[in-house]
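S.K.: File start-v8.cif below, mmCIF, C-alpha atoms:
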```cif
data_data
loop_
_atom_site.group_PDB
_atom_site.id
_atom_site.type_symbol
_atom_site.label_atom_id
_atom_site.label_comp_id
_atom_site.auth_asym_id
_atom_site.auth_seq_id
_atom_site.Cartn_x
_atom_site.Cartn_y
_atom_site.Cartn_z
ATOM 1 C CA MET O 715 -35.942 -5.425 9.841
ATOM 2 C CA ARG O 716 -32.746 -4.179 11.391
ATOM 3 C CA SER O 717 -31.538 -3.526 14.878
ATOM 4 C CA LYS O 718 -29.684 -0.401 15.947
ATOM 5 C CA THR O 719 -26.469 -2.229 15.112
ATOM 6 C CA SER O 720 -27.500 -3.329 11.626
ATOM 7 C CA PRO O 721 -24.409 -2.959 9.427
ATOM 8 C CA LEU O 722 -26.210 -1.918 6.276
ATOM 9 C CA VAL O 723 -27.419 1.596 7.054
ATOM 10 C CA LEU O 724 -28.241 4.476 4.697
ATOM 11 C CA ALA O 725 -28.487 7.818 6.531
ATOM 12 C CA GLY O 726 -31.957 9.334 6.528
ATOM 13 C CA MET O 727 -33.815 6.069 5.917
ATOM 14 C CA VAL O 728 -35.501 4.058 8.596
ATOM 15 C CA ALA O 729 -34.401 0.584 7.499
ATOM 16 C CA VAL O 730 -31.642 0.159 4.974
ATOM 17 C CA LEU O 731 -30.526 -3.346 4.184
ATOM 18 C CA GLY O 732 -29.641 -2.817 0.530
ATOM 19 C CA ALA O 733 -30.400 -5.829 -1.621
ATOM 20 C CA VAL O 734 -29.347 -5.020 -5.171
ATOM 21 C CA SER O 735 -31.804 -6.298 -7.739
ATOM 22 C CA ALA O 736 -31.053 -9.404 -9.760
ATOM 23 C CA GLY O 737 -28.799 -9.021 -12.774
ATOM 24 C CA CYS O 738 -26.072 -6.801 -11.270
ATOM 25 C CA GLY O 739 -23.439 -9.249 -12.450
ATOM 26 C CA THR O 740 -23.505 -11.087 -15.756
ATOM 27 C CA GLN O 741 -22.349 -14.588 -16.533
ATOM 28 C CA ALA O 742 -21.226 -15.958 -19.853
ATOM 29 C CA ALA O 743 -23.829 -18.252 -21.396
ATOM 30 C CA SER O 744 -21.641 -21.299 -20.918
ATOM 31 C CA ALA O 745 -20.483 -20.469 -17.397
ATOM 32 C CA PRO O 746 -22.059 -22.436 -14.539
ATOM 33 C CA LYS O 747 -24.424 -20.410 -12.398
ATOM 34 C CA PRO O 748 -22.869 -19.745 -8.971
ATOM 35 C CA THR O 749 -24.678 -20.947 -5.879
ATOM 36 C CA PRO O 750 -26.646 -18.040 -4.386
ATOM 37 C CA LEU O 751 -26.010 -16.889 -0.828
ATOM 38 C CA ALA O 752 -29.705 -17.212 -0.084
ATOM 39 C CA VAL O 753 -33.011 -17.807 -1.832
ATOM 40 C CA VAL O 754 -36.189 -16.067 -0.643
ATOM 41 C CA ASN O 755 -39.457 -17.303 -2.138
ATOM 42 C CA GLY O 756 -37.555 -18.253 -5.274
ATOM 43 C CA GLN O 757 -35.564 -14.988 -5.476
ATOM 44 C CA ALA O 758 -31.810 -15.542 -5.321
ATOM 45 C CA ILE O 759 -29.429 -13.267 -3.455
ATOM 46 C CA THR O 760 -26.068 -13.635 -5.158
ATOM 47 C CA GLN O 761 -22.489 -12.978 -4.135
ATOM 48 C CA SER O 762 -22.280 -10.073 -6.597
ATOM 49 C CA GLU O 763 -25.466 -8.555 -5.166
ATOM 50 C CA TRP O 764 -24.080 -8.751 -1.643
ATOM 51 C CA GLN O 765 -20.785 -7.197 -2.786
ATOM 52 C CA ALA O 766 -22.612 -4.379 -4.560
ATOM 53 C CA ALA O 767 -24.816 -3.745 -1.517
ATOM 54 C CA VAL O 768 -21.799 -3.497 0.784
ATOM 55 C CA ALA O 769 -19.826 -1.305 -1.638
ATOM 56 C CA THR O 770 -22.718 1.086 -2.196
ATOM 57 C CA THR O 771 -23.364 1.369 1.526
ATOM 58 C CA ASP O 772 -19.652 2.092 2.076
ATOM 59 C CA ILE O 773 -19.912 4.967 -0.382
ATOM 60 C CA LEU O 774 -23.077 6.435 1.095
ATOM 61 C CA GLN O 775 -21.922 6.096 4.703
ATOM 62 C CA GLY O 776 -18.374 7.206 4.035
ATOM 63 C CA ALA O 777 -17.025 4.244 6.019
ATOM 64 C CA LYS O 778 -16.244 0.618 5.272
ATOM 65 C CA LEU O 779 -18.537 -2.093 6.553
ATOM 66 C CA PRO O 780 -16.969 -5.173 8.139
ATOM 67 C CA THR O 781 -16.924 -8.192 5.836
ATOM 68 C CA THR O 782 -15.862 -10.907 8.241
ATOM 69 C CA THR O 783 -17.642 -14.241 8.024
ATOM 70 C CA ALA O 784 -19.922 -13.289 10.912
ATOM 71 C CA ALA O 785 -20.653 -9.849 9.472
ATOM 72 C CA LYS O 786 -21.393 -11.270 6.039
ATOM 73 C CA LYS O 787 -23.776 -13.828 7.533
ATOM 74 C CA GLN O 788 -25.693 -11.058 9.299
ATOM 75 C CA GLN O 789 -25.746 -8.912 6.169
ATOM 76 C CA VAL O 790 -27.088 -11.751 4.035
ATOM 77 C CA THR O 791 -29.779 -12.397 6.652
ATOM 78 C CA GLU O 792 -30.806 -8.750 6.405
ATOM 79 C CA LEU O 793 -30.786 -8.876 2.624
ATOM 80 C CA ALA O 794 -33.095 -11.873 2.815
ATOM 81 C CA GLN O 795 -35.396 -9.955 5.160
ATOM 82 C CA GLN O 796 -35.467 -7.037 2.773
ATOM 83 C CA ALA O 797 -36.220 -9.314 -0.157
ATOM 84 C CA ALA O 798 -39.250 -10.713 1.690
ATOM 85 C CA VAL O 799 -40.493 -7.229 2.595
ATOM 86 C CA ASN O 800 -40.001 -5.877 -0.905
ATOM 87 C CA GLN O 801 -41.806 -8.841 -2.433
ATOM 88 C CA TRP O 802 -44.729 -8.109 -0.099
ATOM 89 C CA ALA O 803 -44.704 -4.402 -1.005
ATOM 90 C CA LEU O 804 -44.724 -5.035 -4.755
ATOM 91 C CA HIS O 805 -47.325 -7.814 -4.524
ATOM 92 C CA ASN O 806 -49.658 -5.560 -2.543
ATOM 93 C CA HIS O 807 -49.055 -2.561 -4.811
ATOM 94 C CA ILE O 808 -47.642 -0.431 -1.994
ATOM 95 C CA ILE O 809 -45.305 1.003 -4.615
ATOM 96 C CA THR O 810 -44.417 0.034 -8.167
ATOM 97 C CA ALA O 811 -40.944 -0.896 -9.331
ATOM 98 C CA LYS O 812 -41.137 1.984 -11.813
ATOM 99 C CA THR O 813 -41.923 4.562 -9.134
ATOM 100 C CA ALA O 814 -39.172 3.192 -6.892
ATOM 101 C CA SER O 815 -36.696 3.407 -9.768
ATOM 102 C CA GLN O 816 -37.698 7.006 -10.467
ATOM 103 C CA GLU O 817 -37.236 7.923 -6.804
ATOM 104 C CA ALA O 818 -33.846 6.223 -6.828
ATOM 105 C CA SER O 819 -32.809 8.182 -9.921
ATOM 106 C CA ALA O 820 -33.789 11.417 -8.220
ATOM 107 C CA PHE O 821 -31.744 10.465 -5.160
ATOM 108 C CA VAL O 822 -28.724 9.705 -7.312
ATOM 109 C CA SER O 823 -29.056 13.046 -9.132
ATOM 110 C CA GLN O 824 -29.693 15.135 -6.030
ATOM 111 C CA ASN O 825 -27.445 13.442 -3.494
ATOM 112 C CA VAL O 826 -25.063 10.778 -4.754
ATOM 113 C CA ALA O 827 -23.787 12.868 -7.658
ATOM 114 C CA SER O 828 -22.930 15.796 -5.394
ATOM 115 C CA MET O 829 -21.218 13.448 -2.915
ATOM 116 C CA LEU O 830 -19.011 12.081 -5.692
ATOM 117 C CA GLY O 831 -18.138 15.396 -7.329
ATOM 118 C CA GLY O 832 -20.840 15.719 -9.961
ATOM 119 C CA SER O 833 -22.719 13.546 -12.438
ATOM 120 C CA SER O 834 -19.810 13.415 -14.878
ATOM 121 C CA LYS O 835 -17.502 11.989 -12.216
ATOM 122 C CA ILE O 836 -19.750 9.241 -10.839
ATOM 123 C CA ALA O 837 -18.304 6.400 -12.931
ATOM 124 C CA ALA O 838 -14.706 7.248 -12.005
ATOM 125 C CA ALA O 839 -15.568 7.717 -8.332
ATOM 126 C CA LEU O 840 -17.325 4.342 -8.199
ATOM 127 C CA LYS O 841 -14.527 2.423 -9.904
ATOM 128 C CA PRO O 842 -12.364 1.877 -6.783
ATOM 129 C CA TYR O 843 -15.406 0.315 -5.105
ATOM 130 C CA HIS O 844 -15.910 -2.129 -8.006
ATOM 131 C CA VAL O 845 -19.532 -1.057 -8.364
ATOM 132 C CA THR O 846 -21.322 0.584 -11.282
ATOM 133 C CA GLU O 847 -23.845 3.394 -11.424
ATOM 134 C CA SER O 848 -26.418 0.822 -12.510
ATOM 135 C CA GLN O 849 -25.765 -1.179 -9.344
ATOM 136 C CA VAL O 850 -26.102 1.944 -7.201
ATOM 137 C CA GLN O 851 -29.390 2.681 -8.938
ATOM 138 C CA SER O 852 -30.571 -0.886 -8.258
ATOM 139 C CA PHE O 853 -29.498 -0.671 -4.627
ATOM 140 C CA LEU O 854 -31.437 2.545 -4.130
ATOM 141 C CA THR O 855 -34.497 1.208 -5.956
ATOM 142 C CA GLN O 856 -34.672 -1.555 -3.364
ATOM 143 C CA GLU O 857 -34.300 1.037 -0.590
ATOM 144 C CA MET O 858 -37.216 3.056 -1.946
ATOM 145 C CA ILE O 859 -39.408 -0.057 -1.962
ATOM 146 C CA LEU O 860 -38.319 -0.823 1.589
ATOM 147 C CA GLN O 861 -39.058 2.719 2.723
ATOM 148 C CA ALA O 862 -42.545 2.519 1.191
ATOM 149 C CA ALA O 863 -43.129 -0.782 2.990
ATOM 150 C CA PHE O 864 -42.011 0.713 6.295
ATOM 151 C CA SER O 865 -44.349 3.674 5.880
ATOM 152 C CA LYS O 866 -47.290 1.414 5.071
ATOM 153 C CA ALA O 867 -46.636 -1.074 7.867
ATOM 154 C CA THR O 868 -46.307 1.666 10.505
ATOM 155 C CA ALA O 869 -48.902 4.114 9.171
ATOM 156 C CA LYS O 870 -51.238 3.664 12.156
ATOM 157 C CA ILE O 871 -48.551 4.520 14.698
ATOM 158 C CA THR O 872 -49.010 8.261 15.048
ATOM 159 C CA SER O 873 -48.889 8.957 18.781
ATOM 160 C CA LEU O 874 -47.519 7.864 22.147
ATOM 161 C CA PRO O 875 -49.380 7.056 25.374
ATOM 162 C CA LYS O 876 -49.815 10.115 27.558
ATOM 163 C CA GLY O 877 -46.826 10.800 29.783
ATOM 164 C CA THR O 878 -44.388 8.607 27.808
ATOM 165 C CA GLY O 879 -42.144 11.498 26.849
ATOM 166 C CA THR O 880 -42.023 12.962 30.352
ATOM 167 C CA ALA O 881 -41.257 9.557 31.875
ATOM 168 C CA TYR O 882 -38.394 8.990 29.460
ATOM 169 C CA TYR O 883 -36.955 12.445 30.109
ATOM 170 C CA ASN O 884 -37.059 12.000 33.880
ATOM 171 C CA ALA O 885 -35.307 8.624 33.609
ATOM 172 C CA HIS O 886 -32.615 9.878 31.206
ATOM 173 C CA LYS O 887 -31.900 13.454 32.231
ATOM 174 C CA SER O 888 -28.171 13.029 31.652
ATOM 175 C CA GLN O 889 -28.892 12.750 27.918
ATOM 176 C CA PHE O 890 -30.282 16.269 27.904
ATOM 177 C CA VAL O 891 -27.434 18.355 29.235
ATOM 178 C CA THR O 892 -25.941 21.204 27.234
ATOM 179 C CA PRO O 893 -22.138 20.737 27.414
ATOM 180 C CA ALA O 894 -19.835 23.394 28.761
ATOM 181 C CA GLN O 895 -18.685 25.661 25.932
ATOM 182 C CA ALA O 896 -16.120 28.308 25.159
ATOM 183 C CA GLU O 897 -16.187 31.150 22.666
ATOM 184 C CA VAL O 898 -12.797 30.862 20.995
ATOM 185 C CA ARG O 899 -10.510 32.719 18.631
ATOM 186 C CA MET O 900 -7.319 31.327 17.140
ATOM 187 C CA ILE O 901 -4.345 32.350 15.026
ATOM 188 C CA LEU O 902 -2.371 29.581 13.307
ATOM 189 C CA VAL O 903 1.291 30.164 12.367
ATOM 190 C CA LYS O 904 4.235 27.962 11.407
ATOM 191 C CA THR O 905 6.670 28.536 14.274
ATOM 192 C CA GLN O 906 6.693 28.943 18.040
ATOM 193 C CA ALA O 907 8.593 32.205 17.660
ATOM 194 C CA GLU O 908 5.830 33.660 15.492
ATOM 195 C CA ALA O 909 3.184 32.547 17.979
ATOM 196 C CA GLN O 910 5.063 34.089 20.913
ATOM 197 C CA LYS O 911 5.569 37.356 19.005
ATOM 198 C CA LEU O 912 1.864 37.636 18.117
ATOM 199 C CA LEU O 913 0.824 36.818 21.681
ATOM 200 C CA GLY O 914 3.079 39.581 22.938
ATOM 201 C CA GLU O 915 1.520 42.071 20.514
ATOM 202 C CA ILE O 916 -1.994 41.047 21.552
ATOM 203 C CA LYS O 917 -1.197 41.467 25.242
ATOM 204 C CA ALA O 918 0.291 44.876 24.412
ATOM 205 C CA GLY O 919 -3.034 45.960 22.933
ATOM 206 C CA SER O 920 -2.999 44.917 19.280
ATOM 207 C CA SER O 921 -6.237 43.678 17.747
ATOM 208 C CA PHE O 922 -6.507 39.885 17.815
ATOM 209 C CA SER O 923 -8.894 40.002 14.882
ATOM 210 C CA ALA O 924 -6.603 42.187 12.768
ATOM 211 C CA LEU O 925 -3.581 39.996 13.455
ATOM 212 C CA ALA O 926 -5.554 36.848 12.609
ATOM 213 C CA LYS O 927 -6.667 38.307 9.297
ATOM 214 C CA LYS O 928 -3.083 39.268 8.481
ATOM 215 C CA TYR O 929 -1.082 36.272 9.691
ATOM 216 C CA SER O 930 -3.244 33.224 10.361
ATOM 217 C CA LEU O 931 -2.893 30.181 8.104
ATOM 218 C CA ASP O 932 -6.324 28.861 9.129
ATOM 219 C CA PRO O 933 -9.524 29.549 7.131
ATOM 220 C CA SER O 934 -10.952 31.158 10.270
ATOM 221 C CA LYS O 935 -8.760 34.174 9.473
ATOM 222 C CA ALA O 936 -11.647 35.498 7.366
ATOM 223 C CA GLN O 937 -13.643 35.831 10.611
ATOM 224 C CA GLY O 938 -10.758 37.348 12.528
ATOM 225 C CA GLY O 939 -9.813 33.929 13.876
ATOM 226 C CA SER O 940 -13.229 33.309 15.413
ATOM 227 C CA LEU O 941 -14.226 29.664 15.878
ATOM 228 C CA GLY O 942 -17.487 30.625 17.578
ATOM 229 C CA TRP O 943 -18.881 28.639 20.493
ATOM 230 C CA VAL O 944 -17.337 25.178 20.804
ATOM 231 C CA ASP O 945 -17.715 22.344 23.305
ATOM 232 C CA LEU O 946 -14.932 21.835 25.795
ATOM 233 C CA GLY O 947 -12.846 18.676 25.759
ATOM 234 C CA ALA O 948 -12.826 16.007 23.093
ATOM 235 C CA GLN O 949 -16.395 16.931 22.153
ATOM 236 C CA SER O 950 -14.953 20.078 20.570
ATOM 237 C CA GLY O 951 -13.700 18.005 17.658
ATOM 238 C CA PHE O 952 -10.249 19.577 17.933
ATOM 239 C CA VAL O 953 -7.038 17.582 18.269
ATOM 240 C CA PRO O 954 -6.004 16.874 21.907
ATOM 241 C CA ALA O 955 -3.112 19.353 22.107
ATOM 242 C CA PHE O 956 -5.463 22.161 21.058
ATOM 243 C CA TYR O 957 -8.461 21.438 23.280
ATOM 244 C CA GLN O 958 -6.275 20.579 26.285
ATOM 245 C CA GLU O 959 -4.729 24.043 26.126
ATOM 246 C CA MET O 960 -8.110 25.654 25.416
ATOM 247 C CA ASP O 961 -9.697 23.888 28.397
ATOM 248 C CA LYS O 962 -7.111 25.388 30.778
ATOM 249 C CA LEU O 963 -8.049 28.957 29.917
ATOM 250 C CA LYS O 964 -10.534 31.195 31.682
ATOM 251 C CA ALA O 965 -12.513 33.892 29.889
ATOM 252 C CA GLY O 966 -10.154 36.596 28.656
ATOM 253 C CA GLN O 967 -7.040 34.416 28.847
ATOM 254 C CA TYR O 968 -4.633 33.364 26.087
ATOM 255 C CA GLY O 969 -2.576 30.269 25.429
ATOM 256 C CA ILE O 970 -0.332 28.658 22.825
ATOM 257 C CA ALA O 971 -0.762 25.094 21.566
ATOM 258 C CA HIS O 972 1.440 23.065 19.241
ATOM 259 C CA THR O 973 -0.270 20.567 16.926
ATOM 260 C CA GLN O 974 0.517 18.793 13.685
ATOM 261 C CA PHE O 975 -0.941 21.844 11.914
ATOM 262 C CA GLY O 976 1.450 24.360 13.467
ATOM 263 C CA TRP O 977 1.404 26.748 16.416
ATOM 264 C CA HIS O 978 -1.902 28.163 17.635
ATOM 265 C CA VAL O 979 -2.446 31.347 19.582
ATOM 266 C CA ILE O 980 -5.712 30.732 21.417
ATOM 267 C CA GLU O 981 -8.049 33.174 23.130
ATOM 268 C CA VAL O 982 -11.056 32.111 25.183
ATOM 269 C CA GLN O 983 -13.411 35.072 24.985
ATOM 270 C CA ALA O 984 -16.230 33.714 27.133
ATOM 271 C CA LEU O 985 -17.400 30.525 28.845
ATOM 272 C CA LYS O 986 -20.775 28.831 29.304
ATOM 273 C CA PRO O 987 -21.199 26.156 31.989
ATOM 274 C CA SER O 988 -23.030 22.924 31.247
ATOM 275 C CA ALA O 989 -26.751 23.133 31.913
ATOM 276 C CA GLN O 990 -29.706 20.782 32.200
ATOM 277 C CA GLN O 991 -32.178 21.280 29.358
ATOM 278 C CA SER O 992 -35.788 21.528 30.425
ATOM 279 C CA TYR O 993 -38.327 19.018 29.145
ATOM 280 C CA ALA O 994 -40.154 21.825 27.362
ATOM 281 C CA THR O 995 -36.975 22.503 25.370
ATOM 282 C CA VAL O 996 -36.492 18.908 24.250
ATOM 283 C CA LYS O 997 -40.121 17.706 24.246
ATOM 284 C CA SER O 998 -40.430 17.548 20.463
ATOM 285 C CA GLN O 999 -37.070 15.786 20.106
ATOM 286 C CA VAL O 1000 -37.945 13.191 22.755
ATOM 287 C CA GLN O 1001 -41.379 12.457 21.350
ATOM 288 C CA GLN O 1002 -40.116 12.109 17.789
ATOM 289 C CA SER O 1003 -37.361 9.734 18.923
ATOM 290 C CA LEU O 1004 -39.742 7.572 20.965
ATOM 291 C CA LEU O 1005 -42.296 7.494 18.174
ATOM 292 C CA GLN O 1006 -39.592 6.351 15.751
ATOM 293 C CA GLN O 1007 -38.553 3.629 18.183
ATOM 294 C CA LYS O 1008 -42.160 2.488 18.415
ATOM 295 C CA LYS O 1009 -42.415 2.328 14.628
ATOM 296 C CA ASN O 1010 -39.129 0.434 14.391
ATOM 297 C CA ALA O 1011 -40.346 -2.135 16.927
ATOM 298 C CA ALA O 1012 -43.626 -2.567 15.049
ATOM 299 C CA PHE O 1013 -41.785 -2.981 11.758
ATOM 300 C CA THR O 1014 -39.447 -5.548 13.275
ATOM 301 C CA ALA O 1015 -42.468 -7.559 14.396
ATOM 302 C CA PHE O 1016 -44.001 -7.193 10.937
ATOM 303 C CA VAL O 1017 -40.838 -8.488 9.266
ATOM 304 C CA THR O 1018 -40.612 -11.392 11.713
ATOM 305 C CA GLY O 1019 -44.110 -12.388 10.678
ATOM 306 C CA LEU O 1020 -43.229 -12.244 6.984
ATOM 307 C CA MET O 1021 -40.110 -14.324 7.498
ATOM 308 C CA LYS O 1022 -42.062 -17.034 9.311
ATOM 309 C CA LYS O 1023 -44.202 -17.456 6.205
ATOM 310 C CA ALA O 1024 -41.391 -17.090 3.671
ATOM 311 C CA ARG O 1025 -39.503 -19.945 2.006
ATOM 312 C CA VAL O 1026 -35.903 -19.061 2.818
ATOM 313 C CA THR O 1027 -32.777 -21.109 2.160
ATOM 314 C CA TYR O 1028 -29.277 -19.997 3.138
ATOM 315 C CA HIS O 1029 -26.086 -21.355 1.561
ATOM 316 C CA ASP O 1030 -22.781 -20.981 3.394
#
```
Turn this file's structure into structure tokens for me.

M.R.:
Amino acid sequence: MRSKTSPLVLAGMVAVLGAVSAGCGTQAASAPKPTPLAVVNGQAITQSEWQAAVATTDILQGAKLPTTTAAKKQQVTELAQQAAVNQWALHNHIITAKTASQEASAFVSQNVASMLGGSSKIAAALKPYHVTESQVQSFLTQEMILQAAFSKATAKITSLPKGTGTAYYNAHKSQFVTPAQAEVRMILVKTQAEAQKLLGEIKAGSSFSALAKKYSLDPSKAQGGSLGWVDLGAQSGFVPAFYQEMDKLKAGQYGIAHTQFGWHVIEVQALKPSAQQSYATVKSQVQQSLLQQKKNAAFTAFVTGLMKKARVTYHD
């Protein structure tokens, strides 16, 4: 149904293409009906449905999807694929529209509402995206039908051929390396002079933890400035000026870094070198990933078969 690069993706679901059910937009009785973007077995996919699908996915992913002509064409193709799959699922009673709607409502209540600041704030939070709660509900209803179809179509895929996991691990060992890490503490202050003064006190024997709790402007002050174990380099997630200074330090050494947040007194308490993870450690992870890939491939083939039989018309 979708490749790894499919633009319409909802985290946690296997295939998310997001067709919003018919009726998301309304037309005045006298207004001419706009030409749909596509028609699948008589079901139209409209411009408003595509817009709602993209907007809702933006919200759930926390990032904007591309809407270039090429991207839109791919998205409409995926919406058409989903329409064909969902028609199959409903026709074969894999799930009912009512059950899918109930599952979508639960998802909105348990996940979407919390993402947007609570149930009472959903409408206001959705307004900048030009999408309504009803459209989000419709979007998710389609996703629940799609998920049910995926589960049914791949139900018989429960295992891998013997040795598949080991073979993959041996061919991709670089994927299973624990990165080098440092155990780090930090005190954030406003000026270089403050940072230098605190560093001098620490080197003279003052408690790093006590000074962090007293002077640091960072939330880590509650833990005495402790940031715990972090990856070295850009993988740390810190801004460059911080991790570049941190990476220079050996265990027990201190440094000062200047970033847009202020001046940081940094201590590296301990270091862990990178290490190859054994297959036994990652066996479950590898097998689950490969099994998911196998299911995805089977579902793609299933969708291809449906599309060959479907009556599909696209309108530029």

S.K.: Please enumerate the residues selected by the PyMOL selection byres ((chain O and resi 1021) around 12) when evaluated against the supplied file, formatted as a list in words.

M.R.: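 Selected by the PyMOL selection byres ((chain O and resi 1021) around 12) in this file: Met715, Val754, Asn755, Thr791, Glu792, Leu793, Ala794, Gln795, Gln796, Ala797, Ala798, Val799, Asn800, Gln801, Trp802, Thr1014, Ala1015, Phe1016, Val1017, Thr1018, Gly1019, Leu1020, Lys1022, Lys1023, Ala1024, Arg1025, Val1026 and Thr1027 of chain O.
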
S.K.: Quick one: of O:Tyr883, O:Gly969, O:Ser923, O:Tyr843, who's nearest to Lys778 in chain O, counting only C-alpha atoms?

M.R.: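 Among the listed residues, O:Tyr843 lies closest to Lys778 in chain O.
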
S.K.: Please determine, counting all atoms listed in the file, which residue among O:Lys787, O:Leu830, O:Leu774, O:Met858 has the shortest atom-to-atom distance to Lys812 in chain O.

M.R.: O:Met858

S.K.: Between CA of Gln788 in chain O and CA of His807 in chain O, what is the distance, to one decimal in Å?

M.R.: 28.6 Å

S.K.: Compile the contact shell of Ala752 in chain O as a list of chain:residue names: residues with an atom at most 6 Å away, counting only C-alpha atoms, same-chain residues fewer than 6 positions apart removed.

M.R.: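 Listing them by chain and then by number gives O:Ala758, O:Ile759, O:Thr1027, O:Tyr1028, O:His1029.
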
S.K.: Work out how far apart CA of Ser934 in chain O and CA of His972 in chain O are and give it in Å to one decimal.

M.R.: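 Taking CA of Ser934 in chain O as the start and CA of His972 in chain O as the end point, the length is 17.3 Å.
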
S.K.: Taking all atoms of range 902-907 of chain O that appear in the file, build a box with edges along x, y and z, extend it by 4 Å on every side, and state its centre and edge lengths in Å to one decimal, as JSON.

M.R.:
```
{"center_x": 3.1, "center_y": 30.1, "center_z": 14.7, "size_x": 19.0, "size_y": 12.2, "size_z": 14.6}
```

S.K.: Evaluating the PyMOL selection byres ((chain O and resi 964) around 9) on the displayed file yields which residues, as a PyMOL selection string?

M.R.: chain O and resi 960-963+965-968+982-985

S.K.: Quote the spacing between CA of Ser823 in chain O and CA of Gln761 in chain O in Å to one decimal place.

M.R.: 27.3 Å

S.K.: Using the chain letters and numbers from this file, what does the PyMOL selection byres ((chain O and resi 990-1006) around 9) select? Give the answer as a list in words.

M.R.: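 On the file shown, the PyMOL selection byres ((chain O and resi 990-1006) around 9) covers Val728, Ile871, Thr872, Ser873, Leu874, Thr878, Gly879, Thr880, Tyr882, Tyr883, Asn884, Lys887, Ser888, Phe890, Val891, Thr892, Pro893, Ser988, Ala989, Gln1007, Lys1008, Lys1009, Asn1010 and Ala1011 of chain O.
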
S.K.: Smallest atom-to-atom distance to Gln958 in chain O: which of O:Ala837, O:Ile980, O:Ala918, O:Leu804, using all atoms listed in the file?

M.R.: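 Selected residue with least distance to Gln958 in chain O: O:Ile980.
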
S.K.: Have a look at O:Ile970, O:Leu779, O:Val768, O:Ala820 and name the one nearest to Ala907 in chain O; count all atoms listed in the file.

M.R.: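 Ranked by minimum distance to Ala907 in chain O, first place goes to O:Ile970.
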
S.K.: Under the rule that all atoms listed in the file are counted, which of O:Leu946, O:Val898, O:Val845, O:Ile916 is the nearest residue to Ala767 in chain O?

M.R.: O:Val845

S.K.: Using all atoms listed in the file, pick whichever of O:Ala936, O:Leu840, O:Ala926, O:Met900 has the shortest atom-to-atom distance to Phe956 in chain O.

M.R.: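 Of O:Ala936, O:Leu840, O:Ala926, O:Met900, the one nearest Phe956 in chain O, counting all atoms listed in the file, is O:Met900.
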
S.K.: Residues at most 12 Å from Val826 in chain O, counting all atoms listed in the file, excluding those fewer than 5 positions away in the same chain, as JSON, numbers by chain?

M.R.: {"O": [724, 770, 771, 773, 774, 775, 776, 818, 819, 820, 821, 831, 832, 833, 834, 835, 836, 837, 839, 840, 847, 850, 851, 854]}

S.K.: Using all atoms listed in the file, which residues sit within 7 Å of range 927-933 of chain O once same-chain residues fewer than 5 positions away are excluded, as an MDAnalysis selection string?

M.R.: chainID O and resid 901:903 938

S.K.: Any chance you could build range 798-809 of chain O out to N, CA and C atoms and write it as a PDB file, keeping the file's coordinate frame?

M.R.:
```pdb
ATOM      1  N   ALA O 798     -37.894 -10.300   1.317  1.00  0.00           N
ATOM      2  CA  ALA O 798     -39.250 -10.713   1.690  1.00  0.00           C
ATOM      3  C   ALA O 798     -40.173  -9.511   1.817  1.00  0.00           C
ATOM      4  N   VAL O 799     -39.685  -8.439   2.432  1.00  0.00           N
ATOM      5  CA  VAL O 799     -40.493  -7.229   2.595  1.00  0.00           C
ATOM      6  C   VAL O 799     -40.800  -6.601   1.239  1.00  0.00           C
ATOM      7  N   ASN O 800     -39.796  -6.514   0.389  1.00  0.00           N
ATOM      8  CA  ASN O 800     -40.001  -5.877  -0.905  1.00  0.00           C
ATOM      9  C   ASN O 800     -40.938  -6.690  -1.799  1.00  0.00           C
ATOM     10  N   GLN O 801     -40.854  -8.004  -1.697  1.00  0.00           N
ATOM     11  CA  GLN O 801     -41.806  -8.841  -2.433  1.00  0.00           C
ATOM     12  C   GLN O 801     -43.234  -8.547  -1.968  1.00  0.00           C
ATOM     13  N   TRP O 802     -43.408  -8.434  -0.659  1.00  0.00           N
ATOM     14  CA  TRP O 802     -44.729  -8.109  -0.099  1.00  0.00           C
ATOM     15  C   TRP O 802     -45.216  -6.749  -0.602  1.00  0.00           C
ATOM     16  N   ALA O 803     -44.335  -5.753  -0.598  1.00  0.00           N
ATOM     17  CA  ALA O 803     -44.704  -4.402  -1.005  1.00  0.00           C
ATOM     18  C   ALA O 803     -45.127  -4.353  -2.469  1.00  0.00           C
ATOM     19  N   LEU O 804     -44.386  -5.034  -3.328  1.00  0.00           N
ATOM     20  CA  LEU O 804     -44.724  -5.035  -4.755  1.00  0.00           C
ATOM     21  C   LEU O 804     -45.996  -5.836  -5.016  1.00  0.00           C
ATOM     22  N   HIS O 805     -46.134  -6.967  -4.333  1.00  0.00           N
ATOM     23  CA  HIS O 805     -47.325  -7.814  -4.524  1.00  0.00           C
ATOM     24  C   HIS O 805     -48.594  -7.088  -4.106  1.00  0.00           C
ATOM     25  N   ASN O 806     -48.498  -6.283  -3.057  1.00  0.00           N
ATOM     26  CA  ASN O 806     -49.658  -5.560  -2.543  1.00  0.00           C
ATOM     27  C   ASN O 806     -49.780  -4.145  -3.102  1.00  0.00           C
ATOM     28  N   HIS O 807     -48.975  -3.846  -4.098  1.00  0.00           N
ATOM     29  CA  HIS O 807     -49.055  -2.561  -4.811  1.00  0.00           C
ATOM     30  C   HIS O 807     -48.853  -1.358  -3.879  1.00  0.00           C
ATOM     31  N   ILE O 808     -47.989  -1.547  -2.881  1.00  0.00           N
ATOM     32  CA  ILE O 808     -47.642  -0.431  -1.994  1.00  0.00           C
ATOM     33  C   ILE O 808     -46.866   0.613  -2.790  1.00  0.00           C
ATOM     34  N   ILE O 809     -46.077   0.145  -3.716  1.00  0.00           N
ATOM     35  CA  ILE O 809     -45.305   1.003  -4.615  1.00  0.00           C
ATOM     36  C   ILE O 809     -44.993   0.153  -5.839  1.00  0.00           C
TER      37      ILE O 809
END
```
